[in-house]
Amino acid sequence: MADPQAVRTDARRHHDPEVRGFASDNYAGTHPEILAALALADGGHQVSYGEDDYTAHLQFVMRSHFGPHAQAFPVFNGTGSNVVALQALTDRWGAVICAESAHINVDECGAPERVGGLKLLTVPTEDGKLTPELIDRQAWGWDDEHRAMPQVVSIAQNTELGTVYTVDEIRAICDHAHERGMKVHLDGARIANAAASLDVPMRAFTNAAGVDILSFGGTKNGMLFGEAVVVLDPDAVGAMKHLRKLSMQLASKMRFISVQLEALLARDLWLRNARHANTMAQRLADGVRAVDGVEILHPVQANAVFARLPHEVSERLQKRYRFYFWDEAAGDVRWMCSFDTTEEDVDGFITALKEEMGR
């Protein structure tokens, strides 16, 4: 007879897979094609710390998207990717110019400054996007030893407010930064959604536009875990291997990150997933616009919908569908769609919203 205690501690499902929400694309599970790739990479022994066959092949896959000079360094997570990338571009006295709403400023617990040892110089924006003129509010004082030296401009594509830079906007930023001796980092946690929105290859607004280094996001687009720092200009960056290890982002069994990135990028899974999430966000926004008393706050250009509605309605609605307040005092909320969001999910949420607004 089995030990009752052993039975109680056996692995089992602890959640209801039918429960859906709009809180974050991180809530979604793992795409079946990614799970299949993980199984493919399992078995036997492979050299650790990135000297495996999967990480070697990933370099060719990344170069097919980001040009012949691209170098991919898989890491555990997005914050780690950003910290490593920004460290690679800054001196100990260096600073990074970013939007006040940037993820590196408001959502990473101070990691770029405390772990990366750099200074963030923030700029308020209306839509989460920097411009050359906004950059110049902080791009000064290079010879002033009393001020952290601006060395990097960091932009997010798409932004924390769900908006998307055009190719020309990023090229103008890169040209402007380079003219002033600064490098450009792109936080691409949702880079696939931006490319799907613009209907252009990712290279169009990264290496081809002048971006020096990229944080490539996979977890929000169907991967189980893992991101990558992608060096686009090898002349601008040095000692990446050492920085990744120093920042505790070197995976011993790296093949299980690399094979996921390969599965996402080798064909069109990255684009299929992103297009679907964006389409669901547009469906959600279209339905919400028809509800009296609900205001869409920002252009819906990727997979995020920002809205304003009565606080008490949001609180009741959260008991039916999980989502987050963005600015609770103002009544602003954020609704995210993911690769596995269905039309039924969206329509059910809109119905619930109408019911709660009518109470």
# chains A, B, ... in the order shown; residues from 1 in each chain; ligands from 1
$ residues_around --residues "Asp199 in chain A" --least-positions-apart "2" --cutoff "12 Å" --atoms "only C-alpha atoms" --output "ChimeraX atom specification"
/A:164,166-167,191-197,201-205,271-272,274-275,278,301-302
$ write_last_selection --atoms "all heavy atoms" --output "short mmCIF file (atom, residue, chain, number, x, y, z; two decimals), in the first residue's frame"
data_model
loop_
_atom_site.label_atom_id
_atom_site.label_comp_id
_atom_site.auth_asym_id
_atom_site.auth_seq_id
_atom_site.Cartn_x
_atom_site.Cartn_y
_atom_site.Cartn_z
N VAL A 164 3.88 51.94 -30.22
CA VAL A 164 4.93 51.37 -31.06
C VAL A 164 5.66 52.47 -31.80
O VAL A 164 5.04 53.34 -32.42
CB VAL A 164 4.33 50.36 -32.07
CG1 VAL A 164 5.40 49.84 -33.03
CG2 VAL A 164 3.68 49.19 -31.32
N THR A 166 7.69 53.91 -34.92
CA THR A 166 7.88 53.61 -36.34
C THR A 166 9.37 53.38 -36.61
O THR A 166 10.23 53.74 -35.80
CB THR A 166 7.37 54.75 -37.22
OG1 THR A 166 8.20 55.90 -37.02
CG2 THR A 166 5.92 55.09 -36.90
N VAL A 167 9.65 52.80 -37.75
CA VAL A 167 11.05 52.60 -38.14
C VAL A 167 11.78 53.94 -38.21
O VAL A 167 12.91 54.08 -37.72
CB VAL A 167 11.12 51.88 -39.50
CG1 VAL A 167 12.57 51.80 -39.99
CG2 VAL A 167 10.52 50.48 -39.40
N ILE A 191 9.05 42.68 -28.55
CA ILE A 191 9.52 43.08 -29.88
C ILE A 191 8.71 42.42 -30.99
O ILE A 191 8.45 43.02 -32.03
CB ILE A 191 11.03 42.77 -30.04
CG1 ILE A 191 11.55 43.34 -31.35
CG2 ILE A 191 11.32 41.28 -29.93
CD1 ILE A 191 13.06 43.22 -31.51
N ALA A 192 8.26 41.19 -30.77
CA ALA A 192 7.48 40.49 -31.79
C ALA A 192 6.15 41.19 -32.03
O ALA A 192 5.69 41.30 -33.18
CB ALA A 192 7.26 39.04 -31.39
N ASN A 193 5.52 41.66 -30.96
CA ASN A 193 4.26 42.37 -31.11
C ASN A 193 4.44 43.67 -31.89
O ASN A 193 3.56 44.06 -32.67
CB ASN A 193 3.65 42.66 -29.75
CG ASN A 193 3.39 41.41 -28.94
OD1 ASN A 193 4.23 40.99 -28.15
ND2 ASN A 193 2.24 40.80 -29.15
N ALA A 194 5.57 44.34 -31.68
CA ALA A 194 5.84 45.57 -32.42
C ALA A 194 6.05 45.28 -33.90
O ALA A 194 5.52 45.99 -34.76
CB ALA A 194 7.07 46.26 -31.84
N ALA A 195 6.81 44.24 -34.21
CA ALA A 195 7.04 43.88 -35.61
C ALA A 195 5.74 43.49 -36.30
O ALA A 195 5.50 43.85 -37.45
CB ALA A 195 8.05 42.74 -35.70
N ALA A 196 4.89 42.76 -35.58
CA ALA A 196 3.60 42.37 -36.14
C ALA A 196 2.73 43.59 -36.39
O ALA A 196 2.01 43.67 -37.40
CB ALA A 196 2.90 41.39 -35.20
N SER A 197 2.78 44.55 -35.47
CA SER A 197 1.98 45.76 -35.62
C SER A 197 2.45 46.58 -36.82
O SER A 197 1.63 47.09 -37.60
CB SER A 197 2.07 46.59 -34.34
OG SER A 197 1.38 47.82 -34.47
N PRO A 201 10.02 43.31 -40.81
CA PRO A 201 10.95 42.42 -40.09
C PRO A 201 11.52 43.13 -38.87
O PRO A 201 11.64 44.36 -38.85
CB PRO A 201 12.04 42.13 -41.12
CG PRO A 201 11.48 42.52 -42.44
CD PRO A 201 10.49 43.61 -42.18
N MET A 202 11.89 42.37 -37.87
CA MET A 202 12.47 42.97 -36.66
C MET A 202 13.75 43.74 -36.98
O MET A 202 14.07 44.72 -36.30
CB MET A 202 12.73 41.89 -35.61
CG MET A 202 11.46 41.30 -35.02
SD MET A 202 11.76 40.08 -33.71
CE MET A 202 12.35 38.67 -34.69
N ARG A 203 14.50 43.30 -37.99
CA ARG A 203 15.74 43.99 -38.32
C ARG A 203 15.50 45.43 -38.79
O ARG A 203 16.37 46.28 -38.67
CB ARG A 203 16.50 43.22 -39.41
CG ARG A 203 15.86 43.26 -40.79
CD ARG A 203 16.72 42.61 -41.86
NE ARG A 203 16.80 41.18 -41.64
CZ ARG A 203 15.94 40.30 -42.15
NH1 ARG A 203 14.92 40.73 -42.89
NH2 ARG A 203 16.07 39.01 -41.93
N ALA A 204 14.30 45.69 -39.30
CA ALA A 204 14.02 47.02 -39.85
C ALA A 204 14.14 48.11 -38.80
O ALA A 204 14.55 49.24 -39.11
CB ALA A 204 12.62 47.04 -40.48
N PHE A 205 13.76 47.81 -37.56
CA PHE A 205 13.83 48.84 -36.52
C PHE A 205 14.85 48.50 -35.43
O PHE A 205 14.83 49.09 -34.36
CB PHE A 205 12.45 49.09 -35.89
CG PHE A 205 11.77 47.88 -35.30
CD1 PHE A 205 12.07 47.44 -34.02
CD2 PHE A 205 10.83 47.18 -36.03
CE1 PHE A 205 11.45 46.33 -33.47
CE2 PHE A 205 10.18 46.07 -35.49
CZ PHE A 205 10.50 45.65 -34.21
N LEU A 271 5.99 35.31 -34.93
CA LEU A 271 5.09 36.23 -35.61
C LEU A 271 3.64 35.78 -35.49
O LEU A 271 2.74 36.61 -35.28
CB LEU A 271 5.49 36.34 -37.07
CG LEU A 271 4.78 37.40 -37.91
CD1 LEU A 271 4.93 38.78 -37.28
CD2 LEU A 271 5.33 37.40 -39.34
N ARG A 272 3.40 34.49 -35.60
CA ARG A 272 2.03 33.98 -35.43
C ARG A 272 1.50 34.32 -34.05
O ARG A 272 0.36 34.79 -33.90
CB ARG A 272 2.01 32.46 -35.64
CG ARG A 272 2.04 32.02 -37.09
CD ARG A 272 1.84 30.52 -37.20
NE ARG A 272 3.05 29.77 -36.92
CZ ARG A 272 3.14 28.75 -36.07
NH1 ARG A 272 2.09 28.40 -35.34
NH2 ARG A 272 4.27 28.11 -35.90
N ALA A 274 2.49 36.67 -31.97
CA ALA A 274 2.34 38.11 -31.77
C ALA A 274 1.15 38.66 -32.53
O ALA A 274 0.39 39.49 -32.01
CB ALA A 274 3.62 38.82 -32.20
N ARG A 275 0.97 38.23 -33.76
CA ARG A 275 -0.17 38.70 -34.54
C ARG A 275 -1.49 38.32 -33.86
O ARG A 275 -2.44 39.13 -33.83
CB ARG A 275 -0.12 38.11 -35.95
CG ARG A 275 0.83 38.83 -36.89
CD ARG A 275 0.89 38.15 -38.24
NE ARG A 275 1.67 38.94 -39.19
CZ ARG A 275 2.12 38.47 -40.35
NH1 ARG A 275 1.86 37.20 -40.70
NH2 ARG A 275 2.81 39.24 -41.17
N ASN A 278 -2.03 40.57 -30.79
CA ASN A 278 -2.41 41.92 -31.23
C ASN A 278 -3.85 41.95 -31.73
O ASN A 278 -4.60 42.90 -31.44
CB ASN A 278 -1.48 42.38 -32.35
CG ASN A 278 -0.07 42.69 -31.88
OD1 ASN A 278 0.27 42.50 -30.71
ND2 ASN A 278 0.77 43.14 -32.79
N GLN A 301 -1.87 49.57 -30.28
CA GLN A 301 -0.98 49.25 -31.39
C GLN A 301 -0.33 47.89 -31.27
O GLN A 301 0.28 47.41 -32.22
CB GLN A 301 0.10 50.34 -31.51
CG GLN A 301 -0.49 51.71 -31.82
CD GLN A 301 0.56 52.80 -31.86
OE1 GLN A 301 1.53 52.78 -31.12
NE2 GLN A 301 0.35 53.78 -32.73
N ALA A 302 -0.44 47.26 -30.12
CA ALA A 302 0.16 45.93 -29.93
C ALA A 302 -0.85 45.06 -29.18
O ALA A 302 -1.99 44.93 -29.61
CB ALA A 302 1.50 46.05 -29.21
#
$ residues_around --residues "range 134-141 of chain A" --least-positions-apart "3" --cutoff "8 Å" --atoms "only C-alpha atoms" --output "ChimeraX atom specification"
/A:97-98,121-123,130-131,144,147,149-150,153
$ write_last_selection --atoms "N, CA and C atoms" --output "JSON list (two decimals), in the first residue's frame"
[["chain", "number", "residue", "atom", "x", "y", "z"],
["A", 97, "ILE", "N", 19.63, 57.40, -20.56],
["A", 97, "ILE", "CA", 18.44, 58.22, -20.74],
["A", 97, "ILE", "C", 17.28, 57.32, -21.15],
["A", 98, "CYS", "N", 16.16, 57.45, -20.47],
["A", 98, "CYS", "CA", 14.99, 56.61, -20.78],
["A", 98, "CYS", "C", 13.72, 57.38, -20.47],
["A", 121, "LEU", "N", 18.52, 58.50, -16.19],
["A", 121, "LEU", "CA", 18.08, 59.89, -16.39],
["A", 121, "LEU", "C", 16.75, 59.84, -17.12],
["A", 122, "THR", "N", 15.66, 60.11, -16.42],
["A", 122, "THR", "CA", 14.34, 59.88, -16.99],
["A", 122, "THR", "C", 13.75, 61.16, -17.59],
["A", 123, "VAL", "N", 12.85, 60.94, -18.58],
["A", 123, "VAL", "CA", 12.17, 62.03, -19.27],
["A", 123, "VAL", "C", 10.68, 61.72, -19.29],
["A", 130, "LEU", "N", 10.27, 58.20, -26.59],
["A", 130, "LEU", "CA", 11.24, 59.28, -26.64],
["A", 130, "LEU", "C", 11.32, 59.86, -28.05],
["A", 131, "THR", "N", 11.80, 61.08, -28.12],
["A", 131, "THR", "CA", 12.12, 61.74, -29.38],
["A", 131, "THR", "C", 13.49, 62.38, -29.22],
["A", 144, "ASP", "N", 31.06, 67.39, -17.23],
["A", 144, "ASP", "CA", 30.79, 67.82, -15.86],
["A", 144, "ASP", "C", 30.99, 66.63, -14.92],
["A", 147, "ARG", "N", 28.14, 65.27, -12.59],
["A", 147, "ARG", "CA", 26.92, 64.67, -13.13],
["A", 147, "ARG", "C", 27.26, 63.34, -13.81],
["A", 149, "MET", "N", 27.46, 60.71, -16.53],
["A", 149, "MET", "CA", 27.65, 61.00, -17.95],
["A", 149, "MET", "C", 26.62, 60.24, -18.81],
["A", 150, "PRO", "N", 25.82, 60.94, -19.62],
["A", 150, "PRO", "CA", 24.89, 60.25, -20.52],
["A", 150, "PRO", "C", 25.65, 59.46, -21.58],
["A", 153, "VAL", "N", 21.03, 55.74, -24.71],
["A", 153, "VAL", "CA", 19.59, 55.99, -24.79],
["A", 153, "VAL", "C", 18.91, 54.63, -24.84]]
$ closest_residue --among "A:Ala239, A:Val211, A:Leu161, A:Leu198" --to "Cys174 in chain A" --atoms "only C-alpha atoms"
A:Val211
$ select_by_dssp --residues "range 111-221 of chain A" --states "helix (DSSP H, G or I)" --output "count of residues only"
39
$ select_by_dssp --residues "range 35-266 of chain A" --states "strand (DSSP E)" --output "PyMOL selection string"
chain A and resi 71-75+94-99+119-123+149-156+183-188+213-217+227-231
$ write_last_selection --atoms "N, CA and C atoms" --output "tab-separated table (two decimals), in the first residue's frame"
chain	number	residue	atom	x	y	z
A	71	GLN	N	25.20	38.76	-32.26
A	71	GLN	CA	25.68	37.75	-31.32
A	71	GLN	C	24.65	37.62	-30.20
A	72	ALA	N	24.16	36.40	-29.97
A	72	ALA	CA	23.11	36.17	-28.99
A	72	ALA	C	23.68	35.58	-27.71
A	73	PHE	N	23.26	36.13	-26.59
A	73	PHE	CA	23.68	35.66	-25.26
A	73	PHE	C	22.42	35.35	-24.45
A	74	PRO	N	21.98	34.09	-24.45
A	74	PRO	CA	20.77	33.75	-23.69
A	74	PRO	C	20.93	34.04	-22.20
A	75	VAL	N	19.83	34.51	-21.59
A	75	VAL	CA	19.80	34.81	-20.16
A	75	VAL	C	18.49	34.28	-19.59
A	94	GLY	N	28.65	56.11	-15.89
A	94	GLY	CA	27.72	56.32	-17.00
A	94	GLY	C	26.26	56.40	-16.58
A	95	ALA	N	25.47	57.00	-17.46
A	95	ALA	CA	24.03	57.15	-17.25
A	95	ALA	C	23.27	56.73	-18.50
A	96	VAL	N	22.01	56.37	-18.29
A	96	VAL	CA	21.13	55.92	-19.37
A	96	VAL	C	19.91	56.82	-19.40
A	97	ILE	N	19.63	57.40	-20.56
A	97	ILE	CA	18.44	58.22	-20.74
A	97	ILE	C	17.28	57.32	-21.15
A	98	CYS	N	16.16	57.45	-20.47
A	98	CYS	CA	14.99	56.61	-20.78
A	98	CYS	C	13.72	57.38	-20.47
A	99	ALA	N	12.60	56.88	-20.97
A	99	ALA	CA	11.30	57.46	-20.63
A	99	ALA	C	11.01	57.22	-19.16
A	119	LYS	N	23.30	55.11	-13.68
A	119	LYS	CA	22.31	56.11	-13.33
A	119	LYS	C	21.27	56.21	-14.44
A	120	LEU	N	19.97	56.20	-14.06
A	120	LEU	CA	18.91	56.43	-15.03
A	120	LEU	C	18.51	57.90	-15.02
A	121	LEU	N	18.52	58.50	-16.19
A	121	LEU	CA	18.08	59.89	-16.39
A	121	LEU	C	16.75	59.84	-17.12
A	122	THR	N	15.66	60.11	-16.42
A	122	THR	CA	14.34	59.88	-16.99
A	122	THR	C	13.75	61.16	-17.59
A	123	VAL	N	12.85	60.94	-18.58
A	123	VAL	CA	12.17	62.03	-19.27
A	123	VAL	C	10.68	61.72	-19.29
A	149	MET	N	27.46	60.71	-16.53
A	149	MET	CA	27.65	61.00	-17.95
A	149	MET	C	26.62	60.24	-18.81
A	150	PRO	N	25.82	60.94	-19.62
A	150	PRO	CA	24.89	60.25	-20.52
A	150	PRO	C	25.65	59.46	-21.58
A	151	GLN	N	25.49	58.16	-21.55
A	151	GLN	CA	26.20	57.30	-22.50
A	151	GLN	C	25.28	56.43	-23.34
A	152	VAL	N	24.04	56.26	-22.90
A	152	VAL	CA	23.12	55.34	-23.58
A	152	VAL	C	21.73	55.95	-23.61
A	153	VAL	N	21.03	55.74	-24.71
A	153	VAL	CA	19.59	55.99	-24.79
A	153	VAL	C	18.91	54.63	-24.84
A	154	SER	N	17.96	54.41	-23.93
A	154	SER	CA	17.22	53.14	-23.90
A	154	SER	C	15.77	53.39	-24.28
A	155	ILE	N	15.29	52.66	-25.27
A	155	ILE	CA	13.89	52.74	-25.69
A	155	ILE	C	13.28	51.35	-25.60
A	156	ALA	N	11.97	51.29	-25.49
A	156	ALA	CA	11.27	50.01	-25.44
A	156	ALA	C	10.36	49.91	-26.66
A	183	LYS	N	25.23	55.41	-27.23
A	183	LYS	CA	24.76	54.17	-27.82
A	183	LYS	C	23.26	54.02	-27.58
A	184	VAL	N	22.65	53.08	-28.28
A	184	VAL	CA	21.21	52.87	-28.16
A	184	VAL	C	20.91	51.42	-27.80
A	185	HIS	N	20.13	51.27	-26.73
A	185	HIS	CA	19.63	49.97	-26.27
A	185	HIS	C	18.14	49.91	-26.53
A	186	LEU	N	17.69	48.76	-27.01
A	186	LEU	CA	16.26	48.55	-27.22
A	186	LEU	C	15.78	47.42	-26.32
A	187	ASP	N	14.83	47.74	-25.45
A	187	ASP	CA	14.18	46.74	-24.61
A	187	ASP	C	13.08	46.10	-25.44
A	188	GLY	N	13.34	44.88	-25.90
A	188	GLY	CA	12.41	44.20	-26.79
A	188	GLY	C	11.64	43.09	-26.11
A	213	ILE	N	22.38	47.41	-29.23
A	213	ILE	CA	22.19	46.20	-28.44
A	213	ILE	C	20.71	46.04	-28.13
A	214	LEU	N	20.27	44.80	-28.05
A	214	LEU	CA	18.85	44.48	-27.93
A	214	LEU	C	18.62	43.49	-26.81
A	215	SER	N	17.59	43.75	-26.00
A	215	SER	CA	17.08	42.74	-25.07
A	215	SER	C	15.92	42.06	-25.77
A	216	PHE	N	16.13	40.80	-26.17
A	216	PHE	CA	15.12	40.09	-26.94
A	216	PHE	C	14.22	39.29	-26.01
A	217	GLY	N	12.91	39.53	-26.10
A	217	GLY	CA	11.96	38.88	-25.21
A	217	GLY	C	11.31	37.67	-25.84
A	227	GLU	N	15.28	34.77	-22.08
A	227	GLU	CA	15.37	35.89	-23.01
A	227	GLU	C	16.79	35.84	-23.60
A	228	ALA	N	17.16	36.89	-24.29
A	228	ALA	CA	18.53	36.95	-24.81
A	228	ALA	C	18.98	38.39	-24.95
A	229	VAL	N	20.25	38.63	-24.66
A	229	VAL	CA	20.89	39.88	-25.05
A	229	VAL	C	21.45	39.63	-26.44
A	230	VAL	N	21.09	40.49	-27.38
A	230	VAL	CA	21.59	40.36	-28.75
A	230	VAL	C	22.45	41.57	-29.06
A	231	VAL	N	23.74	41.34	-29.21
A	231	VAL	CA	24.67	42.41	-29.56
A	231	VAL	C	24.58	42.61	-31.06
$ closest_residue --among "A:Ala329, A:Ala236, A:Ile104, A:Met254" --to "Ala189 in chain A" --atoms "only C-alpha atoms"
A:Ile104
$ residues_around --residues "Val83 in chain A" --least-positions-apart "6" --cutoff "8 Å" --atoms "only C-alpha atoms" --output "list of chain:residue names"
A:Ala111, A:Pro112, A:Val115, A:Gly116, A:Ser247
$ write_last_selection --atoms "C-alpha atoms" --output "mmCIF file, in the first residue's frame"
data_model
loop_
_atom_site.group_PDB
_atom_site.id
_atom_site.type_symbol
_atom_site.label_atom_id
_atom_site.label_comp_id
_atom_site.auth_asym_id
_atom_site.auth_seq_id
_atom_site.Cartn_x
_atom_site.Cartn_y
_atom_site.Cartn_z
ATOM 1 C CA ALA A 111 18.122 46.643 -10.615
ATOM 2 C CA PRO A 112 19.720 48.697 -13.429
ATOM 3 C CA VAL A 115 22.972 45.856 -9.758
ATOM 4 C CA GLY A 116 24.127 47.495 -12.973
ATOM 5 C CA SER A 247 25.164 39.425 -13.296
#
$ atom_distance --atom1 "CA of Phe225 in chain A" --atom2 "CA of Leu58 in chain A"
15.8 Å
$ atom_distance --atom1 "CA of His15 in chain A" --atom2 "CA of Met223 in chain A"
19.5 Å
$ closest_residue --among "A:Leu35, A:Asp327, A:Asn273, A:Glu18" --to "Glu344 in chain A" --atoms "only C-alpha atoms"
A:Glu18
